[in-house]
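Below: upload29.cif (mmCIF, C-alpha atoms)
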data_my_file
loop_
_atom_site.label_atom_id
_atom_site.label_comp_id
_atom_site.auth_asym_id
_atom_site.auth_seq_id
_atom_site.Cartn_x
_atom_site.Cartn_y
_atom_site.Cartn_z
CA MET A 1453 120.02 -17.94 -17.29
CA SER A 1454 116.55 -19.08 -18.34
CA ALA A 1455 113.33 -17.16 -17.78
CA GLN A 1456 110.56 -18.25 -15.49
CA VAL A 1457 107.14 -18.38 -17.16
CA LEU A 1458 104.29 -17.14 -14.94
CA THR A 1459 100.67 -17.56 -16.04
CA VAL A 1460 98.00 -15.35 -14.46
CA THR A 1461 94.58 -17.01 -14.52
CA SER A 1462 91.30 -17.11 -12.59
CA GLY A 1463 88.44 -19.00 -14.21
CA LYS A 1464 85.98 -16.20 -13.55
CA GLY A 1465 86.19 -13.05 -15.62
CA GLY A 1466 86.48 -9.57 -14.18
CA VAL A 1467 88.53 -10.42 -11.11
CA GLY A 1468 91.54 -8.42 -12.29
CA LYS A 1469 93.81 -10.79 -14.25
CA THR A 1470 94.87 -8.13 -16.73
CA THR A 1471 95.50 -5.55 -14.01
CA VAL A 1472 97.56 -8.09 -12.06
CA THR A 1473 99.53 -9.09 -15.18
CA ALA A 1474 100.30 -5.47 -16.13
CA ASN A 1475 101.35 -4.50 -12.61
CA LEU A 1476 103.44 -7.59 -11.91
CA ALA A 1477 105.21 -7.44 -15.27
CA THR A 1478 105.96 -3.75 -14.69
CA ALA A 1479 107.00 -4.24 -11.07
CA LEU A 1480 109.38 -7.06 -12.07
CA ALA A 1481 110.86 -4.80 -14.76
CA MET A 1482 111.30 -2.05 -12.14
CA LEU A 1483 113.37 -4.56 -10.13
CA GLY A 1484 115.76 -4.54 -13.10
CA LYS A 1485 114.50 -7.78 -14.64
CA ARG A 1486 114.00 -8.45 -18.34
CA VAL A 1487 110.28 -9.11 -18.71
CA THR A 1488 107.90 -9.96 -21.54
CA ALA A 1489 104.14 -9.86 -20.95
CA ILE A 1490 101.97 -11.91 -23.32
CA ASP A 1491 98.27 -11.25 -23.87
CA ALA A 1492 96.81 -14.72 -24.47
CA ASP A 1493 93.23 -13.45 -24.64
CA ILE A 1494 92.93 -13.70 -28.41
CA GLY A 1495 89.89 -11.86 -29.75
CA LEU A 1496 89.57 -9.74 -26.59
CA ARG A 1497 92.86 -7.86 -26.53
CA ASN A 1498 93.20 -5.67 -23.42
CA LEU A 1499 96.63 -5.86 -21.86
CA ASP A 1500 97.88 -3.33 -24.43
CA VAL A 1501 95.51 -0.58 -23.24
CA VAL A 1502 96.14 -1.28 -19.55
CA MET A 1503 99.88 -0.95 -20.23
CA GLY A 1504 99.37 2.10 -22.46
CA LEU A 1505 100.98 0.51 -25.54
CA GLU A 1506 97.93 0.24 -27.81
CA ASN A 1507 99.20 2.75 -30.37
CA ARG A 1508 102.38 0.87 -31.13
CA ILE A 1509 101.01 -2.49 -32.18
CA VAL A 1510 102.15 -3.66 -35.60
CA TYR A 1511 102.29 -7.45 -35.20
CA ASP A 1512 100.61 -9.72 -32.67
CA LEU A 1513 100.81 -13.23 -31.19
CA VAL A 1514 98.94 -14.84 -34.08
CA ASP A 1515 101.27 -13.17 -36.62
CA VAL A 1516 104.18 -14.87 -34.85
CA VAL A 1517 102.41 -18.26 -34.76
CA GLU A 1518 101.49 -18.04 -38.44
CA GLY A 1519 104.95 -16.90 -39.48
CA ARG A 1520 104.11 -13.39 -40.71
CA CYS A 1521 106.80 -11.88 -38.50
CA ARG A 1522 109.70 -12.83 -36.30
CA LEU A 1523 109.08 -13.04 -32.55
CA ARG A 1524 111.20 -9.96 -31.93
CA GLN A 1525 109.03 -7.86 -34.28
CA ALA A 1526 105.89 -8.61 -32.24
CA MET A 1527 107.55 -7.54 -28.98
CA ILE A 1528 106.50 -3.95 -28.23
CA LYS A 1529 109.07 -2.19 -26.10
CA ASP A 1530 107.63 -0.26 -23.15
CA LYS A 1531 108.17 3.51 -23.21
CA ARG A 1532 109.12 3.82 -19.56
CA GLN A 1533 110.89 0.58 -18.60
CA PRO A 1534 113.96 -0.33 -20.64
CA GLU A 1535 113.55 -4.10 -20.36
CA LEU A 1536 109.76 -4.53 -20.51
CA TYR A 1537 108.03 -5.90 -23.61
CA LEU A 1538 104.48 -6.78 -24.60
CA ILE A 1539 103.32 -9.35 -27.13
CA PRO A 1540 99.72 -8.33 -27.84
CA ALA A 1541 96.84 -10.67 -28.65
CA ALA A 1542 95.21 -10.64 -32.09
CA GLN A 1543 91.92 -8.79 -31.99
CA THR A 1544 90.16 -10.27 -35.02
CA ARG A 1545 90.84 -13.97 -34.46
CA ASP A 1546 89.74 -16.55 -31.90
CA LYS A 1547 91.43 -18.88 -29.43
CA THR A 1548 91.87 -21.69 -31.98
CA ALA A 1549 94.39 -19.55 -33.91
CA VAL A 1550 96.98 -20.59 -31.28
CA SER A 1551 97.68 -24.05 -29.82
CA PRO A 1552 99.23 -25.01 -26.48
CA SER A 1553 102.36 -26.22 -28.30
CA ASP A 1554 102.66 -22.85 -30.14
CA MET A 1555 102.72 -21.17 -26.73
CA VAL A 1556 105.38 -23.57 -25.44
CA LEU A 1557 107.50 -22.88 -28.53
CA ILE A 1558 107.23 -19.08 -28.21
CA CYS A 1559 108.04 -19.16 -24.50
CA ASP A 1560 111.02 -21.44 -25.09
CA GLN A 1561 112.42 -18.81 -27.45
CA LEU A 1562 111.79 -16.06 -24.89
CA ARG A 1563 113.42 -18.03 -22.07
CA GLN A 1564 116.85 -17.38 -23.61
CA GLU A 1565 116.66 -13.59 -23.43
CA MET A 1566 114.26 -12.85 -20.56
CA ASP A 1567 114.15 -13.24 -16.78
CA TYR A 1568 110.35 -13.46 -16.63
CA VAL A 1569 107.53 -14.13 -19.07
CA VAL A 1570 104.12 -13.16 -17.64
CA ILE A 1571 101.08 -14.53 -19.50
CA ASP A 1572 97.61 -12.99 -19.16
CA SER A 1573 95.13 -15.86 -19.50
CA PRO A 1574 91.60 -15.39 -20.79
CA ALA A 1575 88.69 -16.19 -18.48
CA GLY A 1576 87.17 -19.65 -18.73
CA ILE A 1577 88.58 -23.16 -18.74
CA GLU A 1578 88.65 -23.88 -22.47
CA ARG A 1579 91.23 -23.60 -25.24
CA GLY A 1580 92.45 -20.11 -24.29
CA PHE A 1581 93.08 -21.17 -20.71
CA ARG A 1582 94.94 -24.29 -21.86
CA ASN A 1583 97.05 -22.19 -24.24
CA ALA A 1584 98.01 -19.86 -21.40
CA VAL A 1585 98.84 -22.60 -18.91
CA ALA A 1586 100.77 -24.93 -21.26
CA PRO A 1587 104.15 -23.11 -21.03
CA ALA A 1588 103.80 -22.12 -17.35
CA ASP A 1589 106.46 -22.83 -14.75
CA LYS A 1590 104.21 -21.32 -12.12
CA VAL A 1591 100.48 -20.52 -12.21
CA LEU A 1592 99.18 -17.48 -10.32
CA ILE A 1593 95.48 -17.74 -9.51
CA VAL A 1594 93.68 -14.43 -9.08
CA THR A 1595 90.46 -14.36 -7.07
CA ASN A 1596 88.24 -11.86 -5.27
CA PRO A 1597 86.91 -12.45 -1.74
CA GLU A 1598 83.54 -13.36 -3.17
CA VAL A 1599 81.59 -16.65 -3.45
CA SER A 1600 81.54 -16.99 -7.24
CA ALA A 1601 85.19 -16.03 -7.75
CA VAL A 1602 86.44 -18.38 -5.02
CA ARG A 1603 84.36 -21.24 -6.42
CA ASP A 1604 85.91 -20.74 -9.87
CA ALA A 1605 89.38 -20.48 -8.33
CA ASP A 1606 88.82 -23.88 -6.72
CA ARG A 1607 87.97 -25.35 -10.10
CA ILE A 1608 91.07 -23.80 -11.67
CA ILE A 1609 93.27 -25.18 -8.87
CA GLY A 1610 91.90 -28.66 -9.67
CA LEU A 1611 92.54 -28.20 -13.40
CA ILE A 1612 96.11 -26.97 -13.06
CA GLU A 1613 96.89 -29.87 -10.76
CA ALA A 1614 95.44 -32.24 -13.37
CA GLU A 1615 97.76 -30.60 -15.96
CA GLU A 1616 100.66 -31.10 -13.52
CA LYS A 1617 101.19 -27.35 -13.31
CA GLY A 1618 100.12 -27.25 -9.68
CA PRO A 1619 99.81 -26.37 -6.93
CA GLY A 1620 99.69 -22.72 -8.01
CA GLN A 1621 99.86 -19.61 -5.86
CA LEU A 1622 96.98 -17.35 -4.92
CA ILE A 1623 96.53 -13.59 -5.29
CA ILE A 1624 93.45 -12.22 -3.52
CA ASN A 1625 92.49 -9.06 -5.37
CA ARG A 1626 90.09 -6.23 -4.42
CA LEU A 1627 89.92 -6.92 -0.70
CA LYS A 1628 88.00 -4.26 1.25
CA PRO A 1629 89.42 -4.19 4.80
CA THR A 1630 86.46 -2.27 6.26
CA MET A 1631 83.96 -4.81 4.89
CA VAL A 1632 86.06 -7.68 6.26
CA SER A 1633 86.26 -6.06 9.67
CA ARG A 1634 82.47 -5.78 9.92
CA GLY A 1635 82.04 -9.37 8.74
CA ASP A 1636 80.55 -8.58 5.35
CA MET A 1637 83.38 -9.94 3.23
CA LEU A 1638 85.28 -13.23 3.21
CA SER A 1639 88.59 -12.66 4.97
CA VAL A 1640 92.00 -13.76 3.68
CA GLU A 1641 91.90 -16.58 6.27
CA ASP A 1642 88.44 -17.70 5.08
CA VAL A 1643 89.62 -17.90 1.47
CA LEU A 1644 92.80 -19.79 2.40
CA ASP A 1645 90.78 -22.18 4.59
CA ILE A 1646 88.58 -23.04 1.65
CA LEU A 1647 91.16 -23.20 -1.14
CA ALA A 1648 94.11 -24.63 0.84
CA VAL A 1649 96.69 -23.08 -1.49
CA GLU A 1650 99.79 -20.95 -0.95
CA LEU A 1651 99.13 -17.20 -0.66
CA LEU A 1652 101.31 -14.97 -2.84
CA GLY A 1653 99.67 -11.62 -2.16
CA VAL A 1654 96.64 -9.63 -1.11
CA ILE A 1655 95.76 -6.52 -3.13
CA PRO A 1656 93.40 -4.06 -1.44
CA GLU A 1657 90.58 -2.44 -3.43
CA ASP A 1658 91.94 0.85 -4.72
CA GLU A 1659 90.28 3.50 -6.88
CA ARG A 1660 93.65 4.44 -8.30
CA ILE A 1661 93.68 1.14 -10.24
CA LEU A 1662 90.94 2.61 -12.44
CA VAL A 1663 92.74 5.94 -12.72
CA ALA A 1664 95.88 4.05 -13.74
CA SER A 1665 94.06 2.09 -16.45
CA ASN A 1666 92.39 5.31 -17.66
CA GLN A 1667 95.89 6.67 -18.20
CA GLY A 1668 97.50 3.47 -19.48
CA LEU A 1669 100.13 3.68 -16.79
CA PRO A 1670 100.20 0.66 -14.41
CA LEU A 1671 99.75 1.71 -10.80
CA VAL A 1672 103.16 0.40 -9.72
CA MET A 1673 104.72 3.16 -11.84
CA HIS A 1674 102.79 5.95 -10.10
CA GLY A 1675 105.60 6.88 -7.73
CA LEU A 1676 106.71 4.78 -4.82
CA ASN A 1677 104.52 6.09 -2.02
CA GLY A 1678 100.88 6.63 -1.30
CA SER A 1679 99.45 3.65 -3.14
CA SER A 1680 98.57 0.62 -1.07
CA ALA A 1681 97.54 -1.50 -4.08
CA GLY A 1682 100.69 -0.44 -5.92
CA GLU A 1683 102.75 -1.28 -2.85
CA ALA A 1684 101.04 -4.67 -2.60
CA PHE A 1685 101.88 -5.42 -6.27
CA ARG A 1686 105.51 -4.44 -5.72
CA HIS A 1687 105.61 -6.83 -2.75
CA VAL A 1688 104.22 -9.67 -4.87
CA ALA A 1689 106.91 -9.01 -7.51
CA ARG A 1690 109.65 -9.17 -4.88
CA ARG A 1691 108.21 -12.42 -3.48
CA LEU A 1692 108.18 -13.88 -7.00
CA ASP A 1693 111.80 -12.86 -7.30
CA GLY A 1694 112.65 -14.92 -4.23
CA GLU A 1695 112.66 -12.24 -1.56
CA SER A 1696 110.81 -12.85 1.70
CA VAL A 1697 108.48 -9.87 2.13
CA PRO A 1698 106.04 -9.80 5.06
CA PHE A 1699 102.36 -9.40 4.19
CA MET A 1700 100.92 -5.89 4.54
CA ASP A 1701 98.63 -5.29 7.48
CA LEU A 1702 95.25 -4.80 5.81
CA THR A 1703 93.08 -4.84 8.91
CA ALA A 1704 90.91 -1.75 9.07
CA ARG A 1705 91.50 0.25 12.22
CA PRO A 1706 88.01 1.16 13.46
CA THR A 1707 87.46 4.74 14.49
CA PHE A 1708 85.37 5.57 17.55
CA MET A 1709 82.42 6.52 15.32
CA SER A 1710 82.62 3.35 13.23
CA ARG A 1711 82.76 1.24 16.38
CA LEU A 1712 79.71 3.04 17.77
CA ARG A 1713 77.91 2.53 14.46
CA THR A 1714 78.82 -1.17 14.41
CA PHE A 1715 77.50 -1.57 17.93
CA MET A 1716 74.23 0.22 17.25
CA VAL A 1717 73.23 -0.88 13.76
CA GLY A 1718 75.69 -3.53 12.74
CA LYS A 1719 76.99 -1.58 9.73
CA MET B 1393 76.93 -7.23 14.46
CA SER B 1394 74.64 -5.07 16.57
CA TRP B 1395 73.11 -5.68 19.98
CA LEU B 1396 69.74 -5.92 18.21
CA ASP B 1397 71.00 -8.81 16.05
CA ARG B 1398 72.37 -10.52 19.12
CA LEU B 1399 69.08 -10.14 20.98
CA LEU B 1400 67.17 -11.62 18.07
CA GLY B 1401 69.63 -14.48 17.73
CA ARG B 1402 70.76 -13.30 14.29
CA ASN B 1403 74.37 -14.05 14.96
CA GLU B 1404 75.79 -14.70 11.52
CA THR B 1405 77.52 -12.12 9.36
CA SER B 1406 77.14 -12.28 5.58
CA GLY B 1407 80.84 -13.19 5.41
CA GLN B 1408 80.19 -16.29 7.53
CA VAL B 1409 77.18 -17.18 5.39
CA ALA B 1410 79.37 -16.84 2.29
CA LYS B 1411 81.98 -19.17 3.75
CA GLN B 1412 79.46 -21.85 4.69
CA ARG B 1413 77.73 -21.70 1.31
CA LEU B 1414 81.07 -21.96 -0.45
CA GLN B 1415 82.10 -24.95 1.62
CA MET B 1416 78.87 -26.77 0.74
CA VAL B 1417 79.01 -25.94 -2.94
CA LEU B 1418 82.66 -26.97 -3.21
CA ILE B 1419 82.01 -30.38 -1.65
CA HIS B 1420 79.61 -31.05 -4.52
CA ASP B 1421 81.88 -29.46 -7.16
CA ARG B 1422 84.91 -31.44 -6.06
CA ALA B 1423 83.03 -34.74 -5.91
CA ASP B 1424 81.35 -33.94 -9.25
CA LEU B 1425 77.98 -34.91 -7.71
CA PRO B 1426 75.42 -32.12 -8.08
CA PRO B 1427 72.70 -31.91 -5.40
CA GLY B 1428 70.06 -33.09 -7.91
CA LEU B 1429 71.97 -36.31 -8.53
CA LEU B 1430 72.12 -36.86 -4.79
CA GLU B 1431 68.31 -36.74 -4.71
CA LYS B 1432 68.18 -39.45 -7.37
CA ILE B 1433 70.63 -41.60 -5.41
CA LYS B 1434 68.45 -41.10 -2.36
CA ASP B 1435 65.33 -42.30 -4.22
CA ASP B 1436 67.19 -45.38 -5.45
CA ILE B 1437 68.47 -46.20 -1.97
CA ILE B 1438 64.93 -45.92 -0.58
CA GLN B 1439 63.64 -48.31 -3.25
CA VAL B 1440 66.33 -50.92 -2.65
CA ILE B 1441 66.05 -50.95 1.13
CA ALA B 1442 62.24 -50.73 1.15
CA LYS B 1443 62.19 -54.01 -0.77
CA HIS B 1444 63.57 -55.73 2.29
CA THR B 1445 62.36 -53.80 5.30
CA ALA B 1446 60.00 -50.99 6.19
CA ILE B 1447 61.72 -47.60 6.40
CA ASP B 1448 60.75 -44.09 7.40
CA THR B 1449 61.07 -42.68 3.87
CA ALA B 1450 60.31 -39.11 4.90
CA ASN B 1451 63.40 -38.97 7.09
CA VAL B 1452 66.01 -40.50 4.81
CA LEU B 1453 69.06 -38.25 4.57
CA VAL B 1454 71.76 -38.47 1.88
CA HIS B 1455 74.60 -35.99 1.91
CA LEU B 1456 78.29 -35.56 1.17
CA GLU B 1457 81.00 -35.05 3.74
CA GLN B 1458 84.58 -34.13 3.15
CA ASP B 1459 87.63 -34.75 5.27
CA THR B 1460 91.24 -34.22 4.33
CA HIS B 1461 91.56 -37.54 2.53
CA GLU B 1462 88.30 -38.26 0.76
CA ASN B 1463 84.73 -37.38 0.00
CA ARG B 1464 82.17 -39.59 1.66
CA LEU B 1465 78.55 -40.21 0.77
CA ILE B 1466 76.56 -40.51 3.98
CA ALA B 1467 73.10 -42.10 3.92
CA GLU B 1468 70.94 -42.24 7.00
CA VAL B 1469 67.97 -44.56 6.65
CA PRO B 1470 65.70 -44.81 9.70
CA LEU B 1471 64.10 -48.28 9.97
CA LEU B 1472 60.56 -48.61 11.21
CA ALA B 1473 61.12 -52.08 12.64
CA GLY B 1474 62.65 -52.06 16.10
CA ARG B 1475 61.47 -48.58 17.07
CA ARG B 1476 60.53 -48.42 20.73
CA ASN B 1477 57.39 -46.45 20.09
CA GLY B 1478 57.28 -47.38 16.45
CA ARG B 1479 54.33 -46.93 14.25
CA GLY B 1480 55.49 -49.81 12.04
#
Now, as a test, write the supplied structure out as C-alpha cells.
Amino acid sequence: MSAQVLTVTSGKGGVGKTTVTANLATALAMLGKRVTAIDADIGLRNLDVVMGLENRIVYDLVDVVEGRCRLRQAMIKDKRQPELYLIPAAQTRDKTAVSPSDMVLICDQLRQEMDYVVIDSPAGIERGFRNAVAPADKVLIVTNPEVSAVRDADRIIGLIEAEEKGPGQLIINRLKPTMVSRGDMLSVEDVLDILAVELLGVIPEDERILVASNQGLPLVMHGLNGSSAGEAFRHVARRLDGESVPFMDLTARPTFMSRLRTFMVGK
Amino acid sequence: MSWLDRLLGRNETSGQVAKQRLQMVLIHDRADLPPGLLEKIKDDIIQVIAKHTAIDTANVLVHLEQDTHENRLIAEVPLLAGRRNGRG
C-alpha cells in the first residue's frame, strides 16, 4: 500500500491553506489512516502552532534534506491521534534550502509507511510552491469566494496543469451563507462557473476556527457535533478517502425579519 | 435587493458585479494580454488601416472574447467610406 500525496495550495495568502491542511490531515487520521503533514512554508513555519505541536520540534524539513537527521526523527507524533505526524518547516532558512527533487525523495520514503501525506504549500507561485507541488498526486486548491482569491486560484489551476499535476480539486473556504443569499458574495455556483474545476468541499465561515487555532487543537477534533466547519472538513476527508458524501446545504434560511429587511433596504 | 433599488434600476448585487469583473479580468489573465497592451494593438490597427482607407478612429473597438475552445481578439473598425449619411 502506497500513500497518496495531497498538496494544499492557493496562490493568494491568507485564504486558509494551513487551517485546511491541519484539519484534513487530522480528519484523515481520525478515519484511522496513517497521515503525515508537511509544512513546506520554509521561513514562515505555522502548521506546528495550528496543530498544537510547536513545543516538540527538534528537527525540521531542512535538517532532513541536509542530512542532519533521519526522516523519522523529524516526524513529530501528534498527542491525540496515534497515526498522525508533522514534519515542520525550518524557521530560519528560505525556500531555496529545499528543491523540488528533495520533496519528491522525502515523499517517496513516506509513501511506504503512510496512507496520506498532506503538504501545506506557501503562498505565491515561486520556488516554495514548486517544491510543494512536485511530489503531489493530487493538488487541492483553496480559495475564498472573493475576486482576488478566485483570480489567483485560476492562475494556480493553469500552473498545475502546466506541471501536469492537474486538474486539481477545489475547496471553497470561508463562505458566508447569509451574504450569498443577499447577493453580496460570490456563490459556490459562481466560483465553479468561473474556474471550471471539480469541487471537493465548501467550508462555511466559522468563528470556532480561530478558537481552535488559539488552542492548537484543529476544529475537527472538537467533538463530533455542533461545528459546521468541522463537519465540512470531515466530509472533505471522507471524499478524499473515496467515499461519496453529499454536499452540506449551506443556503441561509431567511427569517421573517431578514426577509422584511431585504425587501425594505436591500441588506 | 430592495424595491428602491428596483425602482431606480439598480438591479445588480455586488456578488454579480464581482462575477462580471472576475470574468473580464480572467479573459486577459488567461490570454496573457493586459488591457494596456490591447490599447497599443488598437493604435497599431488604426494606423495600418488608416493608410488605406478613412476610418472612424474614435469608434474603433478592440477586445477579447472567450469561448470554450479559444480566446479571440475582436477588432471593430468602422469605415467612413460607404456610410449612408457619412461625413467622409
Could you give me, as a PyMOL selection string, the residues within 10 Å of A:Asp1560, counting only C-alpha atoms and dropping anything in the same chain fewer than 6 positions from it? chain A and resi 1454-1455+1457+1554+1587
message: On this structure, the PyMOL selection byres ((chain A) within 10 of (chain B)) would catch which residues? List them as a ChimeraX atom specification, sorted by chain and number.
response: /A:1597-1600,1602-1604,1606-1607,1610,1631-1639,1642-1643,1645-1647,1712-1719
Selected residues written out with C-alpha atoms, as a short mmCIF file (atom, residue, chain, number, x, y, z; two decimals), keeping the file's coordinate frame:
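The resulting file, out.cif, is reproduced below:
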data_model
loop_
_atom_site.label_atom_id
_atom_site.label_comp_id
_atom_site.auth_asym_id
_atom_site.auth_seq_id
_atom_site.Cartn_x
_atom_site.Cartn_y
_atom_site.Cartn_z
CA PRO A 1597 86.91 -12.45 -1.74
CA GLU A 1598 83.54 -13.36 -3.17
CA VAL A 1599 81.59 -16.65 -3.45
CA SER A 1600 81.54 -16.99 -7.24
CA VAL A 1602 86.44 -18.38 -5.02
CA ARG A 1603 84.36 -21.24 -6.42
CA ASP A 1604 85.91 -20.74 -9.87
CA ASP A 1606 88.82 -23.88 -6.72
CA ARG A 1607 87.97 -25.35 -10.10
CA GLY A 1610 91.90 -28.66 -9.67
CA MET A 1631 83.96 -4.81 4.89
CA VAL A 1632 86.06 -7.68 6.26
CA SER A 1633 86.26 -6.06 9.67
CA ARG A 1634 82.47 -5.78 9.92
CA GLY A 1635 82.04 -9.37 8.74
CA ASP A 1636 80.55 -8.58 5.35
CA MET A 1637 83.38 -9.94 3.23
CA LEU A 1638 85.28 -13.23 3.21
CA SER A 1639 88.59 -12.66 4.97
CA ASP A 1642 88.44 -17.70 5.08
CA VAL A 1643 89.62 -17.90 1.47
CA ASP A 1645 90.78 -22.18 4.59
CA ILE A 1646 88.58 -23.04 1.65
CA LEU A 1647 91.16 -23.20 -1.14
CA LEU A 1712 79.71 3.04 17.77
CA ARG A 1713 77.91 2.53 14.46
CA THR A 1714 78.82 -1.17 14.41
CA PHE A 1715 77.50 -1.57 17.93
CA MET A 1716 74.23 0.22 17.25
CA VAL A 1717 73.23 -0.88 13.76
CA GLY A 1718 75.69 -3.53 12.74
CA LYS A 1719 76.99 -1.58 9.73
#
Atom CA of A:Ala1541 sits from atom CA of A:Leu1627 at a separation of 29.0 Å
Would you pick out the contacts of stretch 1569-1585 of chain A at 6 Å or less, using all atoms listed in the file, so that residues sharing its chain but fewer than 2 positions from it are not included, and give the list as a PDB file with C-alpha atoms, keeping the file's coordinate frame?
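Contents of part_24.pdb, as written:
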ATOM      1  CA  VAL A1457     107.140 -18.380 -17.160  1.00  0.00           C
ATOM      2  CA  LEU A1458     104.290 -17.140 -14.940  1.00  0.00           C
ATOM      3  CA  THR A1459     100.670 -17.560 -16.040  1.00  0.00           C
ATOM      4  CA  VAL A1460      98.000 -15.350 -14.460  1.00  0.00           C
ATOM      5  CA  THR A1461      94.580 -17.010 -14.520  1.00  0.00           C
ATOM      6  CA  GLY A1463      88.440 -19.000 -14.210  1.00  0.00           C
ATOM      7  CA  LYS A1464      85.980 -16.200 -13.550  1.00  0.00           C
ATOM      8  CA  GLY A1465      86.190 -13.050 -15.620  1.00  0.00           C
ATOM      9  CA  THR A1473      99.530  -9.090 -15.180  1.00  0.00           C
ATOM     10  CA  VAL A1487     110.280  -9.110 -18.710  1.00  0.00           C
ATOM     11  CA  THR A1488     107.900  -9.960 -21.540  1.00  0.00           C
ATOM     12  CA  ALA A1489     104.140  -9.860 -20.950  1.00  0.00           C
ATOM     13  CA  ILE A1490     101.970 -11.910 -23.320  1.00  0.00           C
ATOM     14  CA  ASP A1491      98.270 -11.250 -23.870  1.00  0.00           C
ATOM     15  CA  ALA A1492      96.810 -14.720 -24.470  1.00  0.00           C
ATOM     16  CA  ASP A1493      93.230 -13.450 -24.640  1.00  0.00           C
ATOM     17  CA  LYS A1547      91.430 -18.880 -29.430  1.00  0.00           C
ATOM     18  CA  SER A1551      97.680 -24.050 -29.820  1.00  0.00           C
ATOM     19  CA  PRO A1552      99.230 -25.010 -26.480  1.00  0.00           C
ATOM     20  CA  PRO A1587     104.150 -23.110 -21.030  1.00  0.00           C
ATOM     21  CA  ALA A1588     103.800 -22.120 -17.350  1.00  0.00           C
TER      22      ALA A1588
END
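When the PyMOL selection byres ((chain A and resi 1482) around 10) is evaluated against the file, it yields Leu1476, Ala1477, Thr1478, Ala1479, Leu1480, Ala1481, Leu1483, Gly1484, Lys1485, Arg1486, Val1487, Arg1532, Gln1533, Pro1534, Glu1535, Leu1536, Val1672, Met1673, Arg1686 and Ala1689 of chain A.
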| query | Quick one: distance from atom CA of B:Ala1446 to atom CA of B:Pro1427 in Å, one decimal? | reply |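 These two atoms are separated by 25.7 Å.
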Tell me which protein, DNA and RNA residues are within 10 Å of stretch 1435-1437 of chain B, counting all atoms listed in the file, leaving out same-chain ones fewer than 6 positions away, and put them as a list of chain:residue names.
B:Leu1429, B:Thr1449, B:Val1452, B:Val1454, B:Ala1467, B:Val1469
_Just the number, please: distance in Å from atom CA of A:Ile1494 to atom CA of A:Asp1512, one decimal._
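Pair atom CA of A:Ile1494 / atom CA of A:Asp1512 returns 9.6 Å.
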Run the PyMOL selection byres ((chain A and resi 1509) around 9) mentally over the shown coordinates, then write out the matched residues as a VMD selection string, using the chain letters and numbers from the document. chain A and resid 1500 1505 to 1508 1510 to 1512 1526 to 1528 1539 to 1540
As a tab-separated table (two decimals) with C-alpha atoms, in the coordinates of the input, please: the residues near B:His1444 (cut-off 12 Å, all atoms listed in the file, same-chain neighbours under 4 positions excluded).
chain	number	residue	atom	x	y	z
B	1437	ILE	CA	68.47	-46.20	-1.97
B	1438	ILE	CA	64.93	-45.92	-0.58
B	1439	GLN	CA	63.64	-48.31	-3.25
B	1440	VAL	CA	66.33	-50.92	-2.65
B	1471	LEU	CA	64.10	-48.28	9.97
B	1472	LEU	CA	60.56	-48.61	11.21
B	1473	ALA	CA	61.12	-52.08	12.64
Report the centre and edge lengths, in Å to one decimal, of an axis-aligned box enclosing every atom of stretch 1476-1484 of chain A listed in the file, padded by 6 Å on each side, as AutoDock Vina command-line options.
--center_x 109.6 --center_y -4.8 --center_z -12.7 --size_x 24.3 --size_y 17.5 --size_z 17.1
Could you give me, as a compact mmCIF listing (two decimals) with C-alpha atoms, keeping the file's coordinate frame, the residues within 9 Å of B:Asn1463, counting all atoms listed in the file and dropping anything in the same chain fewer than 5 positions from it?
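The new file selection06.txt reads:
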# COMPACT_ATOMS: atom_id res chain seq x y z
CA ILE B 1419 82.01 -30.38 -1.65
CA ARG B 1422 84.91 -31.44 -6.06
CA ALA B 1423 83.03 -34.74 -5.91
CA LEU B 1456 78.29 -35.56 1.17
CA GLU B 1457 81.00 -35.05 3.74
CA GLN B 1458 84.58 -34.13 3.15
Could I get stretch 1461-1471 of chain B rebuilt with N, CA and C atoms, written as a PDB file, keeping the file's coordinate frame?
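Saved file rebuild-v5.pdb follows:
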ATOM      1  N   HIS B1461      91.121 -36.491   3.450  1.00  0.00           N
ATOM      2  CA  HIS B1461      91.560 -37.540   2.530  1.00  0.00           C
ATOM      3  C   HIS B1461      90.561 -37.871   1.440  1.00  0.00           C
ATOM      4  N   GLU B1462      89.266 -37.778   1.746  1.00  0.00           N
ATOM      5  CA  GLU B1462      88.300 -38.260   0.760  1.00  0.00           C
ATOM      6  C   GLU B1462      86.942 -37.599   0.957  1.00  0.00           C
ATOM      7  N   ASN B1463      86.131 -37.739  -0.094  1.00  0.00           N
ATOM      8  CA  ASN B1463      84.730 -37.380   0.000  1.00  0.00           C
ATOM      9  C   ASN B1463      83.953 -38.621   0.387  1.00  0.00           C
ATOM     10  N   ARG B1464      82.933 -38.441   1.210  1.00  0.00           N
ATOM     11  CA  ARG B1464      82.170 -39.590   1.660  1.00  0.00           C
ATOM     12  C   ARG B1464      80.688 -39.318   1.435  1.00  0.00           C
ATOM     13  N   LEU B1465      79.990 -40.316   0.916  1.00  0.00           N
ATOM     14  CA  LEU B1465      78.550 -40.210   0.770  1.00  0.00           C
ATOM     15  C   LEU B1465      77.925 -40.830   2.005  1.00  0.00           C
ATOM     16  N   ILE B1466      77.164 -40.027   2.744  1.00  0.00           N
ATOM     17  CA  ILE B1466      76.560 -40.510   3.980  1.00  0.00           C
ATOM     18  C   ILE B1466      75.062 -40.677   3.755  1.00  0.00           C
ATOM     19  N   ALA B1467      74.542 -41.874   4.009  1.00  0.00           N
ATOM     20  CA  ALA B1467      73.100 -42.100   3.920  1.00  0.00           C
ATOM     21  C   ALA B1467      72.594 -42.528   5.288  1.00  0.00           C
ATOM     22  N   GLU B1468      71.569 -41.846   5.737  1.00  0.00           N
ATOM     23  CA  GLU B1468      70.940 -42.240   7.000  1.00  0.00           C
ATOM     24  C   GLU B1468      69.538 -42.704   6.682  1.00  0.00           C
ATOM     25  N   VAL B1469      69.260 -43.966   6.992  1.00  0.00           N
ATOM     26  CA  VAL B1469      67.970 -44.560   6.650  1.00  0.00           C
ATOM     27  C   VAL B1469      67.300 -45.088   7.920  1.00  0.00           C
ATOM     28  N   PRO B1470      66.360 -44.327   8.475  1.00  0.00           N
ATOM     29  CA  PRO B1470      65.700 -44.810   9.700  1.00  0.00           C
ATOM     30  C   PRO B1470      64.777 -46.000   9.403  1.00  0.00           C
ATOM     31  N   LEU B1471      64.935 -47.082  10.143  1.00  0.00           N
ATOM     32  CA  LEU B1471      64.100 -48.280   9.970  1.00  0.00           C
ATOM     33  C   LEU B1471      62.876 -48.166  10.874  1.00  0.00           C
TER      34      LEU B1471
END
